[in-house]
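> Coordinates in work.csv, CSV, C-alpha atoms and all ligand atoms, are listed below.
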chain,number,residue,atom,x,y,z
A,16,MET,CA,4.0,7.6,-12.2
A,17,THR,CA,5.6,4.5,-10.6
A,18,GLU,CA,8.2,2.7,-12.6
A,19,LEU,CA,7.4,-0.9,-13.6
A,20,ASN,CA,9.6,-3.4,-11.8
A,21,THR,CA,11.3,-5.3,-14.6
A,22,ALA,CA,13.8,-7.4,-12.5
A,23,PRO,CA,13.4,-11.0,-13.8
A,24,VAL,CA,11.8,-13.6,-11.6
A,25,ILE,CA,12.1,-17.4,-11.6
A,26,THR,CA,9.4,-19.1,-9.4
A,27,ILE,CA,10.0,-22.5,-7.9
A,28,ASP,CA,6.8,-24.0,-6.5
A,29,GLY,CA,6.0,-27.5,-5.2
A,30,PRO,CA,5.2,-29.5,-2.1
A,31,GLY,CA,7.5,-29.9,1.0
A,32,GLY,CA,10.4,-32.2,0.3
A,33,SER,CA,10.3,-31.7,-3.5
A,34,GLY,CA,13.8,-30.1,-3.3
A,35,LYS,CA,12.6,-26.6,-4.1
A,36,GLY,CA,14.5,-25.0,-1.1
A,37,THR,CA,17.9,-26.4,-2.1
A,38,VAL,CA,17.3,-25.9,-5.8
A,39,SER,CA,16.2,-22.3,-5.4
A,40,ARG,CA,19.1,-21.4,-3.2
A,41,LEU,CA,21.7,-22.9,-5.6
A,42,LEU,CA,20.0,-21.2,-8.5
A,43,ALA,CA,20.0,-17.8,-6.8
A,44,ARG,CA,23.7,-18.3,-6.0
A,45,GLN,CA,24.6,-19.3,-9.5
A,46,LEU,CA,22.7,-16.4,-11.1
A,47,GLY,CA,23.8,-13.9,-8.4
A,48,TRP,CA,20.2,-13.1,-7.7
A,49,HIS,CA,18.1,-12.4,-4.6
A,50,PHE,CA,16.2,-15.3,-2.9
A,51,LEU,CA,12.7,-15.4,-1.3
A,52,ASP,CA,11.8,-18.2,1.0
A,53,SER,CA,8.1,-17.5,1.3
A,54,GLY,CA,7.5,-20.6,3.5
A,55,ALA,CA,9.7,-18.9,6.1
A,56,LEU,CA,7.3,-16.0,6.3
A,57,TYR,CA,4.4,-18.3,7.0
A,58,ARG,CA,6.5,-20.2,9.6
A,59,LEU,CA,7.4,-16.9,11.2
A,60,VAL,CA,3.7,-15.9,11.4
A,61,ALA,CA,2.9,-19.2,13.1
A,62,LEU,CA,5.8,-18.8,15.6
A,63,ALA,CA,4.8,-15.2,16.4
A,64,ALA,CA,1.2,-16.4,17.0
A,65,ILE,CA,2.5,-19.1,19.4
A,66,HIS,CA,4.7,-16.5,21.2
A,67,HIS,CA,1.8,-14.2,21.6
A,68,SER,CA,-0.6,-17.0,22.6
A,69,ILE,CA,-2.9,-16.3,19.6
A,70,ALA,CA,-4.9,-19.3,18.4
A,71,LEU,CA,-3.9,-20.3,14.9
A,72,GLY,CA,-7.5,-20.0,13.7
A,73,ASP,CA,-8.0,-16.5,15.0
A,74,GLU,CA,-7.8,-14.9,11.6
A,75,PHE,CA,-8.2,-11.2,12.6
A,76,ASN,CA,-5.3,-11.3,15.1
A,77,ILE,CA,-3.1,-13.5,13.0
A,78,LYS,CA,-3.6,-11.2,10.0
A,79,THR,CA,-2.6,-8.2,12.2
A,80,LEU,CA,0.5,-10.1,13.3
A,81,ALA,CA,1.4,-10.9,9.6
A,82,ALA,CA,0.9,-7.3,8.5
A,83,HIS,CA,3.3,-6.0,11.2
A,84,LEU,CA,5.8,-8.9,11.4
A,85,ASP,CA,9.0,-7.6,12.8
A,86,VAL,CA,11.5,-9.9,11.0
A,87,GLU,CA,15.0,-9.6,9.7
A,88,PHE,CA,16.9,-12.0,7.4
A,89,GLU,CA,20.6,-11.9,7.8
A,90,SER,CA,22.7,-13.2,4.8
A,91,ASP,CA,26.3,-14.1,4.5
A,92,GLU,CA,28.4,-15.4,1.6
A,93,VAL,CA,27.4,-19.0,2.3
A,94,ASP,CA,23.7,-18.7,3.3
A,95,PHE,CA,20.9,-16.4,2.3
A,96,GLU,CA,19.3,-17.0,5.7
A,97,ALA,CA,22.3,-17.4,7.9
A,98,ARG,CA,20.2,-15.9,10.8
A,99,ILE,CA,16.5,-15.1,11.0
A,100,TRP,CA,15.4,-12.7,13.7
A,101,LEU,CA,11.8,-12.4,14.9
A,102,GLU,CA,11.1,-9.5,17.2
A,103,GLY,CA,14.8,-9.4,18.0
A,104,GLU,CA,15.0,-13.1,18.9
A,105,ASP,CA,17.2,-15.5,16.8
A,106,VAL,CA,14.6,-18.1,15.5
A,107,THR,CA,16.8,-19.6,12.7
A,108,GLU,CA,16.5,-23.2,14.0
A,109,THR,CA,13.1,-22.9,15.8
A,110,ILE,CA,11.1,-22.0,12.6
A,111,ARG,CA,12.3,-25.3,11.0
A,112,SER,CA,10.6,-27.5,13.6
A,113,GLU,CA,7.6,-29.7,12.6
A,114,GLU,CA,5.4,-27.6,15.0
A,115,CYS,CA,6.2,-24.4,13.0
A,116,GLY,CA,5.7,-26.3,9.7
A,117,GLN,CA,2.3,-27.5,10.7
A,118,GLY,CA,1.4,-24.1,12.2
A,119,ALA,CA,2.5,-22.4,9.0
A,120,SER,CA,0.2,-24.6,6.9
A,121,VAL,CA,-2.7,-23.7,9.2
A,122,VAL,CA,-2.2,-19.9,9.1
A,123,ALA,CA,-1.4,-20.1,5.3
A,124,ALA,CA,-5.0,-21.2,4.7
A,125,LEU,CA,-6.3,-17.9,6.1
A,126,PRO,CA,-7.1,-15.5,3.1
A,127,SER,CA,-6.3,-12.3,4.9
A,128,VAL,CA,-3.0,-13.6,6.2
A,129,ARG,CA,-1.9,-14.4,2.6
A,130,GLN,CA,-3.1,-10.9,1.5
A,131,ALA,CA,-1.1,-9.3,4.3
A,132,LEU,CA,2.1,-11.0,3.2
A,133,LEU,CA,1.7,-10.2,-0.5
A,134,ALA,CA,3.5,-6.8,-0.6
A,135,ARG,CA,6.3,-8.1,1.6
A,136,GLN,CA,7.0,-10.9,-0.8
A,137,ARG,CA,6.8,-8.7,-3.9
A,138,ALA,CA,9.3,-6.3,-2.4
A,139,PHE,CA,11.9,-9.0,-2.9
A,140,GLN,CA,11.8,-8.4,-6.7
A,141,GLU,CA,14.9,-6.3,-7.1
A,142,PRO,CA,17.6,-6.2,-9.8
A,143,PRO,CA,19.5,-8.2,-10.9
A,144,GLY,CA,16.7,-10.8,-10.3
A,145,LEU,CA,14.8,-13.0,-7.9
A,146,VAL,CA,14.4,-16.7,-7.3
A,147,ALA,CA,11.1,-17.2,-5.4
A,148,ASP,CA,10.5,-20.4,-3.5
A,149,GLY,CA,7.0,-21.4,-2.3
A,150,ARG,CA,3.6,-22.8,-3.1
A,151,ASP,CA,1.9,-19.9,-5.0
A,152,MET,CA,4.9,-18.0,-6.4
A,153,GLY,CA,4.0,-18.6,-10.0
A,154,THR,CA,0.2,-18.7,-9.6
A,155,VAL,CA,-0.5,-15.6,-7.3
A,156,VAL,CA,2.5,-13.7,-6.1
A,157,PHE,CA,4.5,-13.4,-9.4
A,158,PRO,CA,2.0,-14.4,-12.1
A,159,ALA,CA,4.1,-12.6,-14.7
A,160,ALA,CA,7.3,-14.4,-13.7
A,161,ASN,CA,9.8,-15.0,-16.6
A,162,LEU,CA,10.1,-18.7,-15.8
A,163,LYS,CA,7.9,-20.9,-13.6
A,164,ILE,CA,9.0,-24.3,-12.3
A,165,TYR,CA,6.9,-26.8,-10.4
A,166,LEU,CA,8.9,-29.5,-8.6
A,167,THR,CA,7.3,-32.8,-7.6
A,168,ALA,CA,8.5,-36.0,-6.0
A,169,SER,CA,6.8,-39.1,-4.6
A,170,ARG,CA,5.5,-38.6,-1.0
A,171,GLU,CA,7.7,-41.5,0.2
A,172,GLU,CA,10.9,-39.9,-1.2
A,173,ARG,CA,9.9,-36.5,0.2
A,174,ALA,CA,9.4,-38.0,3.6
A,175,ARG,CA,12.7,-39.8,3.4
A,176,ARG,CA,14.5,-36.4,2.6
A,177,ARG,CA,12.7,-34.6,5.4
A,178,HIS,CA,13.7,-37.4,7.8
A,179,LYS,CA,17.3,-37.1,6.8
A,180,GLN,CA,17.2,-33.3,7.0
A,181,LEU,CA,15.9,-33.4,10.6
A,182,ASN,CA,18.3,-36.2,11.6
A,183,ASP,CA,21.2,-34.2,10.3
A,184,LYS,CA,20.1,-31.4,12.5
A,185,GLY,CA,20.1,-33.8,15.5
A,186,MET,CA,16.3,-34.0,15.8
A,187,SER,CA,15.1,-37.5,16.4
A,188,VAL,CA,12.0,-38.3,14.4
A,189,ASN,CA,10.0,-41.2,13.2
A,190,LEU,CA,9.8,-41.8,9.4
A,191,GLN,CA,6.2,-43.1,9.5
A,192,ARG,CA,5.2,-40.0,11.5
A,193,ILE,CA,6.8,-37.7,9.0
A,194,LEU,CA,5.0,-39.5,6.2
A,195,GLY,CA,1.6,-39.0,8.0
A,196,GLU,CA,2.3,-35.3,8.7
A,197,LEU,CA,3.4,-34.7,5.1
A,198,ALA,CA,0.1,-36.3,3.9
A,199,GLU,CA,-1.8,-34.1,6.2
A,200,ARG,CA,0.1,-30.9,5.1
A,201,ASP,CA,-0.2,-31.8,1.4
A,202,ALA,CA,-4.0,-32.2,1.8
A,203,ARG,CA,-4.4,-28.9,3.7
A,204,ASP,CA,-2.1,-27.0,1.3
A,205,SER,CA,-3.8,-28.4,-1.8
A,206,ALA,CA,-7.4,-28.2,-0.6
A,207,ARG,CA,-7.5,-24.6,0.7
A,208,SER,CA,-9.7,-22.2,-1.2
A,209,VAL,CA,-7.1,-19.4,-1.5
A,210,SER,CA,-3.8,-19.9,-3.4
A,211,PRO,CA,-3.9,-23.7,-3.2
A,212,LEU,CA,-0.7,-25.6,-4.0
A,213,LYS,CA,-0.9,-26.3,-7.7
A,214,SER,CA,1.2,-26.0,-10.8
A,215,ALA,CA,0.7,-22.8,-12.9
A,216,PRO,CA,-0.6,-23.7,-16.3
A,217,ASP,CA,2.5,-22.3,-17.9
A,218,ALA,CA,5.0,-23.9,-15.4
A,219,VAL,CA,7.6,-26.5,-16.4
A,220,VAL,CA,7.0,-29.5,-14.2
A,221,VAL,CA,10.1,-31.4,-13.0
A,222,ASP,CA,9.8,-34.7,-11.1
A,223,THR,CA,12.8,-34.9,-8.7
A,224,THR,CA,12.0,-38.4,-7.2
A,225,THR,CA,15.1,-39.9,-8.8
A,226,ALA,CA,16.9,-36.8,-10.0
A,227,GLY,CA,19.9,-35.3,-8.2
A,228,ILE,CA,19.9,-31.7,-7.1
A,229,ASP,CA,22.6,-30.7,-9.6
A,230,GLU,CA,20.7,-32.3,-12.4
A,231,VAL,CA,17.6,-30.3,-11.5
A,232,VAL,CA,19.5,-27.0,-11.1
A,233,LYS,CA,21.0,-27.6,-14.6
A,234,ARG,CA,17.6,-28.3,-16.1
A,235,VAL,CA,16.2,-25.0,-14.7
A,236,LEU,CA,19.3,-23.1,-16.0
A,237,VAL,CA,18.8,-24.6,-19.4
A,238,GLU,CA,15.1,-23.5,-19.3
A,239,TRP,CA,16.2,-20.0,-18.2
A,240,GLN,CA,18.9,-19.7,-20.9
A,241,ALA,CA,16.3,-20.7,-23.5
A,242,ARG,CA,14.2,-17.7,-22.4
A,243,SER,CA,16.8,-15.0,-21.9
A,301,LIG,O1,8.0,-24.5,2.4
A,301,LIG,P1,7.7,-24.6,3.9
A,301,LIG,O2,7.7,-26.1,4.4
A,301,LIG,O3,8.7,-23.8,4.7
A,301,LIG,O4,6.3,-24.0,4.1
A,301,LIG,C1,5.6,-24.0,5.3
A,301,LIG,C2,4.1,-23.9,5.0
A,301,LIG,O5,3.8,-22.6,4.6
A,301,LIG,C3,3.5,-24.9,4.0
A,301,LIG,O6,2.9,-26.0,4.6
A,301,LIG,C4,2.5,-24.1,3.3
A,301,LIG,C5,2.8,-22.7,3.6
A,301,LIG,N1,3.2,-21.9,2.4
A,301,LIG,C6,2.2,-21.4,1.6
A,301,LIG,O7,1.0,-21.6,1.8
A,301,LIG,N2,2.6,-20.6,0.6
A,301,LIG,C7,3.8,-20.3,0.3
A,301,LIG,N3,4.1,-19.6,-0.7
A,301,LIG,C8,4.9,-20.9,1.1
A,301,LIG,C9,4.5,-21.7,2.1
Let me see whether you can do it: turn the structure in this file into structure tokens.
Ligand code: DC

Amino acid sequence: MTELNTAPVITIDGPGGSGKGTVSRLLARQLGWHFLDSGALYRLVALAAIHHSIALGDEFNIKTLAAHLDVEFESDEVDFEARIWLEGEDVTETIRSEECGQGASVVAALPSVRQALLARQRAFQEPPGLVADGRDMGTVVFPAANLKIYLTASREERARRRHKQLNDKGMSVNLQRILGELAERDARDSARSVSPLKSAPDAVVVDTTTAGIDEVVKRVLVEWQARS
């Protein structure tokens, strides 16, 4: 008989730019737990497809890629994803490009690709606990999570954050273009038939438009303490 995995899970879902990446990482650090960046897996699948010249709509071949993805996450004391390796190549910065983000959103709409990544994501649930960041962490991947959080923010604020993030990385980008791409990605992520971006019915919804990161982390910790 297999033993039931009882390591606690906190899921943080929401659209791009809602702050879930930063909040999830800080939370995992403070709790001393593991961290799953599920978006990175979809970004890696998109990048692998580009490398192997596979069309992003070719579901059979993309699913095969996803099932056999040769990826390694290297952590250090500061960063959970200090380096990310795809087929032996350092792709830490490459997967954060807008091209990989858009590609990720396209491959993420393919049902068999999502299925192929399920077990890989669930394997992150290890003691002492897991903070899982994504779009369907609370609805599909960890439906029995101990605490589900759904972060939102206005699209304008999310675009502004993304613009700053890319500028800080030395990438020159236009704010209006980011706003357009965000709208496109939101529509695709929310409208897809499998695991669409939506809040789980039992999730705590937190609007981060005007809230600082520390305030949001504190709010989640209060919710967690109330349950544990
Ligand atoms: O969070 P992110 O920007 O790195 O995610 C990239 C894309 O991957 C996003 O547009 C939607 C998709 N995604 C998903 O469908 N399900 C997840 N759990 C995480 C990401």
> Quick one: everything within 6 Å of region 48-58 of chain A, counting only C-alpha atoms, minus sequence neighbours fewer than 4 positions away in the same chain. Send it as a short mmCIF file (atom, residue, chain, number, x, y, z; two decimals) with C-alpha atoms, keeping the file's coordinate frame.

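Result file selection12.cif:
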data_model
loop_
_atom_site.label_atom_id
_atom_site.label_comp_id
_atom_site.auth_asym_id
_atom_site.auth_seq_id
_atom_site.Cartn_x
_atom_site.Cartn_y
_atom_site.Cartn_z
CA ALA A 43 20.00 -17.80 -6.80
CA ILE A 110 11.10 -22.00 12.60
CA CYS A 115 6.20 -24.40 13.00
CA ALA A 119 2.50 -22.40 9.00
CA PRO A 143 19.50 -8.20 -10.90
CA GLY A 144 16.70 -10.80 -10.30
CA LEU A 145 14.80 -13.00 -7.90
CA VAL A 146 14.40 -16.70 -7.30
CA ALA A 147 11.10 -17.20 -5.40
CA ASP A 148 10.50 -20.40 -3.50
CA GLY A 149 7.00 -21.40 -2.30
#
> Each side padded by 5 Å, which centre and which edge lengths in Å (one decimal) define the axis-aligned box around the listed atoms of region 188-196 of chain A? Give them as lines of an AutoDock Vina configuration file.

center_x = 6.8
center_y = -39.2
center_z = 10.3
size_x = 20.4
size_y = 17.8
size_z = 18.2
> Which polymer residues have any atom within 9 Å of an atom of Val219 (chain A), counting all atoms listed in the file, with same-chain residues fewer than 5 positions away left out, as a compact mmCIF listing (two decimals) with C-alpha atoms, in the frame of the given file?

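Output below, filename around-v1.txt:
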# COMPACT_ATOMS: atom_id res chain seq x y z
CA LEU A 162 10.10 -18.70 -15.80
CA LYS A 163 7.90 -20.90 -13.60
CA ILE A 164 9.00 -24.30 -12.30
CA TYR A 165 6.90 -26.80 -10.40
CA LEU A 166 8.90 -29.50 -8.60
CA SER A 214 1.20 -26.00 -10.80
CA VAL A 235 16.20 -25.00 -14.70
CA GLU A 238 15.10 -23.50 -19.30
> Name all residues at most 8 Å from Val38 (chain A) (count all atoms listed in the file; drop same-chain ones fewer than 6 positions away) and give them as a list of chain:residue names.
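That gives A:Ile228, A:Val231, A:Val232.
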> Considering only C-alpha atoms, can you say which of A:Gln136, A:Met152, A:Ala70, A:Ser112 comes closest to Gly185 (chain A)?
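Among the listed residues, the smallest separation from Gly185 (chain A) belongs to A:Ser112.
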> With a distance cut-off of 12 Å and all atoms listed in the file, select the neighbouring residues of Asp105 (chain A), excluding the residue or stretch itself and same-chain residues fewer than 2 positions from it, and output the selection as a VMD selection string.
chain A and resid 59 62 86 to 89 96 to 103 107 to 110
> Residues within 12 Å of (8.6, -32.6, 1.3), file coordinates, counting all atoms listed in the file: what are they? Give the list as a VMD selection string.
chain A and resid 28 to 37 113 116 149 to 150 166 to 181 193 to 201 223 to 224
> Any idea what the distance is between atom O3 of ligand LIG 301 (chain A) and CA of Leu46 (chain A)?
22.4 Å
> Could you give me, as a PyMOL selection string, the residues within 10 Å of Leu133 (chain A), counting only C-alpha atoms and dropping anything in the same chain fewer than 3 positions from it?
chain A and resi 53+82+127-130+136-138+155-157
> Residues as selected, C-alpha atoms, written as a tab-separated table (two decimals), in the coordinates of the input, can you do that?

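Result saved to again-v5.tsv:
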chain	number	residue	atom	x	y	z
A	53	SER	CA	8.10	-17.50	1.30
A	82	ALA	CA	0.90	-7.30	8.50
A	127	SER	CA	-6.30	-12.30	4.90
A	128	VAL	CA	-3.00	-13.60	6.20
A	129	ARG	CA	-1.90	-14.40	2.60
A	130	GLN	CA	-3.10	-10.90	1.50
A	136	GLN	CA	7.00	-10.90	-0.80
A	137	ARG	CA	6.80	-8.70	-3.90
A	138	ALA	CA	9.30	-6.30	-2.40
A	155	VAL	CA	-0.50	-15.60	-7.30
A	156	VAL	CA	2.50	-13.70	-6.10
A	157	PHE	CA	4.50	-13.40	-9.40
> What residues have an atom no more than 6 Å from (10.4, -15.5, -15.7) in the file's own frame, counting only C-alpha atoms, and can you write them as a VMD selection string?
chain A and resid 23 to 25 160 to 162
